[in-house]
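Text of target_22.txt, listed as compact mmCIF, C-alpha atoms:
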```
# COMPACT_ATOMS: atom_id res chain seq x y z
CA MET A 1 -37.11 300.34 60.65
CA SER A 2 -33.60 300.21 62.09
CA LYS A 3 -30.75 298.75 60.06
CA ALA A 4 -30.50 295.70 62.31
CA ALA A 5 -34.23 294.97 62.27
CA ARG A 6 -33.87 293.80 58.66
CA TYR A 7 -31.47 291.07 59.72
CA LEU A 8 -32.12 290.18 63.36
CA PRO A 9 -35.36 289.44 65.22
CA PRO A 10 -36.47 291.74 68.07
CA GLU A 11 -35.34 289.33 70.78
CA ASP A 12 -31.78 289.33 69.43
CA ILE A 13 -31.70 293.11 69.20
CA LYS A 14 -33.02 293.42 72.74
CA GLN A 15 -30.36 291.02 74.02
CA VAL A 16 -27.41 292.85 72.48
CA SER A 17 -28.80 296.25 73.49
CA GLU A 18 -28.64 295.51 77.22
CA ARG A 19 -26.40 297.99 79.04
CA SER A 20 -24.64 297.43 82.34
CA ASP A 21 -23.10 299.86 84.81
CA PHE A 22 -20.95 297.02 86.14
CA LYS A 23 -19.56 296.06 82.72
CA GLY A 24 -18.92 299.70 81.82
CA ALA A 25 -17.13 300.32 85.12
CA TRP A 26 -15.15 297.11 84.71
CA LEU A 27 -13.80 298.17 81.32
CA VAL A 28 -12.76 301.59 82.63
CA PHE A 29 -11.12 299.93 85.64
CA HIS A 30 -9.46 297.37 83.38
CA ALA A 31 -7.94 300.09 81.21
CA TRP A 32 -6.41 301.94 84.15
CA ALA A 33 -5.37 298.74 85.94
CA THR A 34 -3.51 297.67 82.81
CA ILE A 35 -1.84 301.08 82.55
CA PHE A 36 -0.65 301.16 86.15
CA GLY A 37 0.13 297.44 86.14
CA SER A 38 2.39 297.90 83.11
CA MET A 39 4.25 300.67 84.91
CA ALA A 40 4.56 298.48 88.00
CA LEU A 41 5.91 295.61 85.91
CA TYR A 42 8.77 297.79 84.68
CA ALA A 43 9.38 299.19 88.18
CA ILE A 44 9.77 295.67 89.57
CA PHE A 45 11.65 294.21 86.60
CA PRO A 46 13.42 297.12 84.87
CA ASP A 47 14.57 295.77 81.54
CA THR A 48 14.42 296.64 77.86
CA LEU A 49 11.80 293.95 77.27
CA THR A 50 9.50 295.11 80.08
CA PHE A 51 9.94 298.71 78.92
CA ILE A 52 8.83 297.85 75.38
CA LEU A 53 5.98 295.71 76.71
CA ALA A 54 4.80 298.56 78.95
CA VAL A 55 4.81 301.03 76.05
CA LEU A 56 2.83 298.62 73.85
CA LEU A 57 0.27 297.80 76.53
CA ILE A 58 -0.19 301.37 77.72
CA GLY A 59 -0.49 302.70 74.17
CA GLY A 60 -3.11 300.02 73.55
CA ARG A 61 -5.06 301.09 76.64
CA GLN A 62 -4.82 304.75 75.66
CA LEU A 63 -6.58 303.77 72.46
CA GLY A 64 -8.87 301.73 74.69
CA LEU A 65 -9.82 304.86 76.63
CA ALA A 66 -10.67 306.48 73.29
CA ILE A 67 -12.88 303.51 72.43
CA LEU A 68 -14.66 303.76 75.80
CA MET A 69 -15.10 307.49 75.21
CA HIS A 70 -16.63 306.56 71.87
CA ASP A 71 -19.15 304.30 73.60
CA GLY A 72 -19.89 307.01 76.13
CA SER A 73 -20.57 309.47 73.30
CA HIS A 74 -23.21 307.04 72.05
CA GLY A 75 -24.60 306.88 75.60
CA VAL A 76 -24.19 303.10 75.82
CA LEU A 77 -21.10 302.28 77.91
CA PHE A 78 -23.09 302.60 81.14
CA LYS A 79 -26.76 301.99 81.82
CA THR A 80 -26.95 305.13 83.98
CA PRO A 81 -26.83 308.26 81.76
CA LYS A 82 -24.86 310.42 84.20
CA TYR A 83 -22.04 307.86 84.21
CA ASN A 84 -21.79 308.15 80.43
CA ALA A 85 -21.78 311.93 80.74
CA VAL A 86 -19.40 312.38 83.69
CA ALA A 87 -17.30 309.26 84.29
CA VAL A 88 -16.46 308.78 80.63
CA GLN A 89 -15.54 312.43 80.18
CA TRP A 90 -13.16 312.56 83.15
CA LEU A 91 -11.74 309.04 83.17
CA CYS A 92 -11.58 308.31 79.44
CA ALA A 93 -11.66 311.47 77.32
CA TYR A 94 -9.74 314.07 79.32
CA PRO A 95 -6.68 311.90 80.09
CA ILE A 96 -6.03 311.50 76.34
CA PHE A 97 -6.58 315.21 75.61
CA SER A 98 -9.99 314.69 74.06
CA GLU A 99 -13.54 315.86 74.77
CA MET A 100 -16.54 313.61 74.52
CA TRP A 101 -19.24 316.08 73.49
CA ALA A 102 -17.23 317.62 70.66
CA TYR A 103 -16.38 314.11 69.50
CA ARG A 104 -20.05 313.07 69.66
CA LYS A 105 -21.12 315.96 67.43
CA TYR A 106 -18.53 315.00 64.85
CA HIS A 107 -18.96 311.25 65.13
CA LEU A 108 -22.73 311.08 64.69
CA VAL A 109 -22.34 312.80 61.32
CA HIS A 110 -19.99 309.99 60.34
CA HIS A 111 -22.67 307.44 61.20
CA LYS A 112 -25.35 309.33 59.32
CA TYR A 113 -23.30 309.58 56.12
CA THR A 114 -20.94 306.58 56.35
CA GLN A 115 -18.63 306.51 53.32
CA GLN A 116 -20.76 309.11 51.56
CA GLU A 117 -19.70 312.54 50.36
CA ASN A 118 -20.78 314.21 53.62
CA ASP A 119 -18.94 311.73 55.85
CA PRO A 120 -16.33 313.74 57.83
CA ASP A 121 -14.24 310.55 58.10
CA LEU A 122 -14.14 309.98 54.35
CA PRO A 123 -10.70 311.65 53.99
CA LEU A 124 -9.33 308.96 56.32
CA SER A 125 -10.31 306.12 53.99
CA ALA A 126 -10.56 307.69 50.52
CA PRO A 127 -6.79 307.80 49.76
CA PHE A 128 -6.43 304.03 50.07
CA PRO A 129 -4.92 301.90 48.71
CA ILE A 130 -1.53 303.55 49.07
CA SER A 131 1.93 302.16 48.47
CA ARG A 132 3.93 300.28 51.08
CA ALA A 133 6.58 302.99 50.93
CA SER A 134 3.98 305.63 51.75
CA PHE A 135 2.70 303.59 54.69
CA ARG A 136 6.25 303.09 55.98
CA ARG A 137 6.83 306.84 55.93
CA LYS A 138 3.61 307.41 57.86
CA ALA A 139 4.50 304.70 60.38
CA VAL A 140 7.94 306.26 60.95
CA ARG A 141 6.32 309.64 61.62
CA ASP A 142 3.91 307.97 64.03
CA LEU A 143 6.58 306.07 65.96
CA THR A 144 8.92 309.07 66.17
CA GLY A 145 6.24 311.38 67.56
CA GLN A 146 6.01 313.64 64.52
CA THR A 147 2.34 312.89 63.86
CA CYS A 148 1.35 313.52 67.45
CA PHE A 149 3.34 316.74 67.62
CA LYS A 150 1.57 318.11 64.55
CA GLN A 151 -1.82 317.07 65.92
CA ARG A 152 -1.28 318.57 69.37
CA ARG A 153 0.19 321.76 67.93
CA ALA A 154 -2.88 322.23 65.73
CA GLN A 155 -5.14 321.31 68.66
CA PHE A 156 -3.56 323.78 71.08
CA LEU A 157 -3.44 326.63 68.56
CA ALA A 158 -7.11 326.06 67.72
CA GLY A 159 -7.89 326.09 71.44
CA MET A 160 -6.34 329.54 71.83
CA GLY A 161 -8.59 331.00 69.17
CA ASP A 162 -8.00 333.80 66.69
CA PRO A 163 -4.32 334.89 66.68
CA SER A 164 -5.43 338.53 66.43
CA LEU A 165 -7.00 338.37 69.91
CA PRO A 166 -5.10 339.77 72.91
CA LEU A 167 -2.71 337.27 74.52
CA GLY A 168 -4.69 337.29 77.77
CA THR A 169 -7.87 336.38 75.92
CA ARG A 170 -6.14 333.61 74.02
CA LEU A 171 -4.69 332.16 77.23
CA GLN A 172 -8.14 332.27 78.84
CA ASN A 173 -9.57 330.48 75.79
CA PHE A 174 -6.85 327.87 76.13
CA TYR A 175 -7.61 327.32 79.82
CA ASN A 176 -11.36 327.12 79.24
CA ARG A 177 -10.90 324.58 76.47
CA PHE A 178 -8.24 322.42 78.11
CA ARG A 179 -8.79 322.67 81.86
CA GLY A 180 -10.29 319.15 82.02
CA PRO A 181 -7.39 317.46 80.20
CA LEU A 182 -4.85 319.60 82.07
CA LEU A 183 -6.37 318.71 85.44
CA MET A 184 -6.46 314.99 84.69
CA ASN A 185 -2.92 314.93 83.34
CA PHE A 186 -1.62 316.97 86.26
CA GLY A 187 -3.41 314.54 88.58
CA LEU A 188 -1.71 311.60 86.89
CA PHE A 189 1.66 313.34 87.17
CA ALA A 190 1.02 314.12 90.85
CA LEU A 191 -0.03 310.54 91.59
CA LEU A 192 3.13 309.15 90.03
CA SER A 193 5.19 311.75 91.90
CA LEU A 194 3.70 310.60 95.21
CA VAL A 195 5.16 307.14 94.66
CA GLY A 196 8.52 308.56 93.61
CA LYS A 197 8.04 307.90 89.89
CA TRP A 198 7.30 311.34 88.44
CA HIS A 199 9.36 310.54 85.35
CA TYR A 200 7.01 307.64 84.54
CA TYR A 201 4.48 310.25 83.37
CA PHE A 202 6.82 311.08 80.49
CA LEU A 203 8.19 307.56 79.95
CA PHE A 204 4.93 305.63 80.18
CA TRP A 205 2.16 308.12 79.49
CA ILE A 206 3.43 310.75 77.07
CA ARG A 207 5.81 308.42 75.19
CA PRO A 208 3.18 305.74 74.34
CA PHE A 209 0.65 308.46 73.56
CA MET A 210 3.02 310.08 71.07
CA THR A 211 4.29 306.89 69.46
CA TRP A 212 2.63 303.48 69.61
CA GLN A 213 -0.86 304.85 70.17
CA GLN A 214 -0.51 306.97 67.04
CA LEU A 215 0.42 304.00 64.88
CA ILE A 216 -2.34 301.70 66.13
CA LEU A 217 -4.85 304.53 65.79
CA ARG A 218 -3.83 304.75 62.14
CA VAL A 219 -4.14 300.98 61.65
CA ARG A 220 -7.53 300.96 63.36
CA ASN A 221 -8.83 303.69 61.07
CA ILE A 222 -7.54 301.86 58.00
CA ALA A 223 -9.16 298.61 59.09
CA GLU A 224 -12.56 300.14 59.72
CA HIS A 225 -13.32 301.77 56.36
CA ALA A 226 -10.37 301.72 53.94
CA VAL A 227 -10.70 299.68 50.73
CA VAL A 228 -14.13 298.34 51.67
CA PRO A 229 -16.18 296.63 48.93
CA ALA A 230 -19.08 299.11 48.83
CA GLN A 231 -20.04 302.59 49.96
CA ASP A 232 -23.76 302.31 50.68
CA ASP A 233 -24.23 298.76 51.99
CA VAL A 234 -24.31 298.37 55.77
CA PHE A 235 -22.55 295.02 55.48
CA LEU A 236 -19.85 296.27 53.13
CA ASN A 237 -19.05 299.93 53.92
CA ALA A 238 -17.37 299.02 57.22
CA ARG A 239 -15.14 296.11 58.17
CA THR A 240 -14.94 293.61 60.99
CA THR A 241 -11.43 292.25 61.54
CA LYS A 242 -10.75 289.15 63.57
CA ALA A 243 -8.24 289.58 66.40
CA ASN A 244 -6.61 287.15 68.80
CA TRP A 245 -5.86 288.02 72.43
CA ILE A 246 -2.41 289.43 71.66
CA ILE A 247 -3.78 291.81 69.02
CA ARG A 248 -6.63 292.80 71.32
CA ALA A 249 -4.08 293.64 74.02
CA ILE A 250 -1.87 295.93 71.95
CA LEU A 251 -3.85 297.04 68.90
CA ALA A 252 -7.62 296.38 69.03
CA PRO A 253 -8.91 297.00 72.57
CA TYR A 254 -12.46 296.60 73.82
CA TYR A 255 -13.97 294.94 70.76
CA VAL A 256 -13.20 297.83 68.40
CA ASN A 257 -12.57 295.25 65.66
CA TYR A 258 -16.33 294.52 65.36
CA HIS A 259 -17.02 297.56 63.23
CA VAL A 260 -19.71 296.25 60.88
CA GLU A 261 -21.77 295.29 63.92
CA HIS A 262 -21.23 298.72 65.46
CA HIS A 263 -22.44 300.55 62.37
CA MET A 264 -25.48 298.30 62.14
CA MET A 265 -26.37 298.88 65.79
CA ILE A 266 -24.86 302.03 67.24
CA TYR A 267 -26.97 301.54 70.36
CA VAL A 268 -25.10 298.34 71.28
CA PRO A 269 -22.33 298.70 73.90
CA CYS A 270 -18.90 297.49 72.90
CA TYR A 271 -18.98 294.58 75.35
CA ASN A 272 -21.99 293.13 73.47
CA LEU A 273 -20.49 293.38 69.99
CA PRO A 274 -19.02 289.84 70.05
CA LEU A 275 -22.52 288.54 70.81
CA ALA A 276 -23.95 290.64 67.96
CA HIS A 277 -21.31 289.11 65.68
CA GLU A 278 -22.30 285.60 66.76
CA LEU A 279 -26.03 286.24 66.37
CA LEU A 280 -25.48 287.49 62.84
CA ARG A 281 -23.51 284.31 62.13
CA ARG A 282 -26.33 282.14 63.44
CA ARG A 283 -28.79 283.98 61.21
CA GLY A 284 -26.58 283.27 58.19
CA TRP A 285 -25.34 286.80 57.45
CA HIS A 286 -21.58 286.38 57.76
CA ASP A 287 -21.10 285.59 54.09
CA SER A 288 -22.66 288.96 53.25
CA MET A 289 -20.39 290.92 55.59
CA GLU A 290 -16.95 292.43 55.05
CA ILE A 291 -14.90 290.33 57.47
CA GLN A 292 -11.13 289.92 57.31
CA PRO A 293 -9.13 287.24 59.16
CA ASN A 294 -6.53 289.61 60.62
CA TYR A 295 -5.10 293.13 60.50
CA TRP A 296 -2.12 292.03 58.42
CA ASP A 297 -4.39 291.07 55.53
CA VAL A 298 -6.15 294.42 55.78
CA LEU A 299 -2.85 296.28 55.66
CA LYS A 300 -1.78 294.28 52.61
CA MET A 301 -4.95 295.39 50.80
CA ALA A 302 -4.54 298.98 51.98
CA THR A 303 -0.91 299.15 50.78
CA SER A 304 -1.35 297.38 47.45
CA LYS A 305 -0.78 300.42 45.24
CA PRO A 306 2.49 300.29 43.28
CA ASP A 307 5.09 302.76 44.47
CA ASP A 308 5.56 305.51 41.88
CA GLY A 309 7.94 307.54 44.04
CA SER A 310 5.28 310.15 44.79
CA ARG A 311 4.79 311.50 48.30
CA SER A 312 1.29 312.74 47.62
CA GLY A 313 -0.74 312.98 50.82
CA ASP A 314 2.25 312.45 53.09
CA GLY A 315 1.86 315.82 54.75
CA ARG A 316 -1.71 315.39 55.97
CA ASP A 317 -1.05 313.91 59.39
CA ALA A 318 -1.71 317.12 61.30
CA THR A 319 -5.44 316.65 60.79
CA LEU A 320 -5.52 312.89 60.39
CA PHE A 321 -7.56 311.02 62.99
CA ALA A 322 -9.43 314.10 64.22
CA GLY A 323 -12.28 311.76 65.06
CA ILE A 324 -10.63 310.49 68.24
CA ASN A 325 -7.84 312.82 69.21
CA GLY A 326 -8.56 315.94 67.22
CA PRO A 327 -8.89 319.51 68.47
CA ILE A 328 -11.03 319.72 71.60
CA GLY A 329 -14.17 321.62 70.82
CA GLU A 330 -13.51 321.34 67.12
CA THR A 331 -15.39 319.03 64.76
CA LYS A 332 -12.88 319.03 61.90
```
Could you render the structure from this file as structure tokens?
Amino acid sequence: MSKAARYLPPEDIKQVSERSDFKGAWLVFHAWATIFGSMALYAIFPDTLTFILAVLLIGGRQLGLAILMHDGSHGVLFKTPKYNAVAVQWLCAYPIFSEMWAYRKYHLVHHKYTQQENDPDLPLSAPFPISRASFRRKAVRDLTGQTCFKQRRAQFLAGMGDPSLPLGTRLQNFYNRFRGPLLMNFGLFALLSLVGKWHYYFLFWIRPFMTWQQLILRVRNIAEHAVVPAQDDVFLNARTTKANWIIRAILAPYYVNYHVEHHMMIYVPCYNLPLAHELLRRRGWHDSMEIQPNYWDVLKMATSKPDDGSRSGDGRDATLFAGINGPIGETK
């Protein structure tokens, strides 16, 4: 019996399990339309406010591409399997320097052993709660690009392979591992160059990726499994966090906030998670679920530890968040 079958009737499960090529394509299109639209907004109205807005929106959609890659790794974003295998890889994973199949191998272990000793994501949630001072230090590293630099450095070195290998072999390893991401990022650079905005690649693709996207990726990870009430209860070892349209735009794209529902039904596409949430409410299960009213309340719980002046754990960001943007071909 599946996890959801204990709580929802077959007709509900069938309804939320419906997959759609149109809806999957629409979300991918929406992500890229928002990215290019944000750049266009700044090009038309160049101002500090539009610059900041563009960085926030694009960073949010970069995380959105990671979420769509996540759905593709489960084989549920599109109804047609080859779209999950090809379109998601090239249009969602490669642009953000990730790789869907390596992520899938890693991620399915997380679902099998959620919050248990063998969960590869346990190090992301186990240290919490932390102090507010510790979180501030992490946020500063995120927003100044330090976290991303450490991650990418580790990723690229891992992609080259054993340092004792000949340089030519290591460069070939690097090309084999990263040719997809390199091609997609070069294509994005070339496209922006064609419209006379080559520098936008660095201003509005690399900058958000290295800064805002890093911080919201951290917050998302905290919200999903940190300081949850239980470790072995499907309703309590993950968290659903309510989000208004502003938060969905810049921090919680494509229904990523419905995490209890996702863990209950990993075969449900992200665009059906709000319906799954509502069906569980109608069946009277919301009171049994870990649901928080907003991300601010989650962060308050996650940073409730008194500050003792220690910086324990502050140097772990090089491997933090390997689940989405970790070394390509590596499973952490």
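Comparing A:His277, A:Arg283, A:His225, A:Lys300 by their smallest distance to A:Val16, the closest is A:His277 (using all atoms listed in the file).
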Contact check, stretch 166-279 of chain A to stretch 6-10 of chain A, at most 12 Å, counting only C-alpha atoms, closest pairs as a tab-separated table:
```
residue	atom	partner	partner_atom	distance
A:Val234	CA	A:Tyr7	CA	11.0
A:Phe235	CA	A:Tyr7	CA	10.6
A:Glu261	CA	A:Tyr7	CA	11.4
A:Met264	CA	A:Tyr7	CA	9.7
A:Met265	CA	A:Leu8	CA	10.7
A:Ala276	CA	A:Leu8	CA	9.4
A:His277	CA	A:Leu8	CA	11.1
A:Glu278	CA	A:Leu8	CA	11.4
A:Leu279	CA	A:Leu8	CA	7.9
```
Considering only C-alpha atoms, can you say which of A:Trp212, A:Trp296, A:Ile222, A:Gly60 comes closest to A:Pro123? A:Ile222
Given only C-alpha atoms as the counted atoms, nearest of A:Lys138, A:Lys79, A:Lys150, A:Arg281 to A:Phe22: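 Using only C-alpha atoms, the shortest distance to A:Phe22 belongs to A:Lys79.
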Of the candidates A:Gln155, A:Val28, A:Phe78, A:Thr211, which shows the shortest atom-to-atom distance to A:Val140, using only C-alpha atoms? A:Thr211
When you count only C-alpha atoms, which of these residues is closest to A:Glu224: A:Leu194, A:Gln89, A:Val298, A:Leu203?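 Of all the options, A:Val298 lies closest to A:Glu224.
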In Å, with one decimal, what is the gap from atom CA of A:Tyr271 to atom CA of A:Val109?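 These two atoms are separated by 23.2 Å.
Pairwise distance (atom CA of A:Arg220, atom CA of A:Pro293) equals 14.4 Å.
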I'd like the neighbourhood of A:Ile58 as a PyMOL selection string, where a residue qualifies if any of its atoms comes within 10 Å (using all atoms listed in the file), though same-chain residues fewer than 5 positions away should be ignored. chain A and resi 31-32+34-39+52-53+63-64+204-205+207-209+212-213+249-250
At what distance in Å, to one decimal, does atom CA of A:Pro81 lie from atom CA of A:Trp26? 16.4 Å
Kindly compute an axis-aligned box around the listed atoms of stretch 49-56 of chain A, allowing 5 Å on each side, and express its centre and edge lengths in Å to one decimal as JSON.
```
{"center_x": 7.3, "center_y": 297.5, "center_z": 77.0, "size_x": 19.0, "size_y": 17.1, "size_z": 16.2}
```
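Among the candidates A:Ala302, A:Leu122, A:Ala87, A:Leu27, the one nearest to A:Ser134 when counting all atoms listed in the file is A:Ala302.
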List the neighbours of A:Ser131 out to 6 Å using only C-alpha atoms; skip same-chain residues closer than 3 positions along the sequence, and give me the result as a list in words. Ser134, Thr303, Ser304, Lys305, Pro306 and Asp307 of chain A
Which residues come within 10 Å of A:Arg179, counting only C-alpha atoms, excluding same-chain residues fewer than 6 positions away, as a ChimeraX atom specification? /A:94,97,173,185
Got a moment to write stretch 216-228 of chain A out with N, CA and C atoms, as a PDB file, in the first residue's frame?
```
ATOM      1  N   ILE A 216      17.884  31.681  -1.137  1.00  0.00           N
ATOM      2  CA  ILE A 216      16.552  31.081  -1.120  1.00  0.00           C
ATOM      3  C   ILE A 216      16.628  29.561  -1.193  1.00  0.00           C
ATOM      4  N   LEU A 217      17.698  29.041  -1.795  1.00  0.00           N
ATOM      5  CA  LEU A 217      17.902  27.591  -1.776  1.00  0.00           C
ATOM      6  C   LEU A 217      18.130  27.126  -0.340  1.00  0.00           C
ATOM      7  N   ARG A 218      18.876  27.905   0.422  1.00  0.00           N
ATOM      8  CA  ARG A 218      19.106  27.581   1.831  1.00  0.00           C
ATOM      9  C   ARG A 218      17.784  27.616   2.613  1.00  0.00           C
ATOM     10  N   VAL A 219      17.020  28.682   2.414  1.00  0.00           N
ATOM     11  CA  VAL A 219      15.745  28.823   3.128  1.00  0.00           C
ATOM     12  C   VAL A 219      14.798  27.690   2.757  1.00  0.00           C
ATOM     13  N   ARG A 220      14.765  27.342   1.494  1.00  0.00           N
ATOM     14  CA  ARG A 220      13.898  26.244   1.053  1.00  0.00           C
ATOM     15  C   ARG A 220      14.271  24.938   1.731  1.00  0.00           C
ATOM     16  N   ASN A 221      15.574  24.652   1.794  1.00  0.00           N
ATOM     17  CA  ASN A 221      16.017  23.424   2.462  1.00  0.00           C
ATOM     18  C   ASN A 221      15.660  23.418   3.942  1.00  0.00           C
ATOM     19  N   ILE A 222      15.824  24.561   4.584  1.00  0.00           N
ATOM     20  CA  ILE A 222      15.467  24.666   6.004  1.00  0.00           C
ATOM     21  C   ILE A 222      13.982  24.394   6.192  1.00  0.00           C
ATOM     22  N   ALA A 223      13.164  25.018   5.347  1.00  0.00           N
ATOM     23  CA  ALA A 223      11.717  24.890   5.499  1.00  0.00           C
ATOM     24  C   ALA A 223      11.240  23.461   5.302  1.00  0.00           C
ATOM     25  N   GLU A 224      11.887  22.717   4.444  1.00  0.00           N
ATOM     26  CA  GLU A 224      11.378  21.384   4.103  1.00  0.00           C
ATOM     27  C   GLU A 224      11.557  20.357   5.216  1.00  0.00           C
ATOM     28  N   HIS A 225      12.693  20.373   5.912  1.00  0.00           N
ATOM     29  CA  HIS A 225      12.944  19.285   6.868  1.00  0.00           C
ATOM     30  C   HIS A 225      13.582  19.697   8.193  1.00  0.00           C
ATOM     31  N   ALA A 226      13.972  20.956   8.338  1.00  0.00           N
ATOM     32  CA  ALA A 226      14.623  21.356   9.594  1.00  0.00           C
ATOM     33  C   ALA A 226      13.592  21.515  10.706  1.00  0.00           C
ATOM     34  N   VAL A 227      13.980  21.157  11.902  1.00  0.00           N
ATOM     35  CA  VAL A 227      13.161  21.237  13.115  1.00  0.00           C
ATOM     36  C   VAL A 227      11.719  20.773  12.891  1.00  0.00           C
ATOM     37  N   VAL A 228      11.582  19.610  12.238  1.00  0.00           N
ATOM     38  CA  VAL A 228      10.255  19.024  12.079  1.00  0.00           C
ATOM     39  C   VAL A 228       9.911  18.229  13.336  1.00  0.00           C
TER      40      VAL A 228
END
```
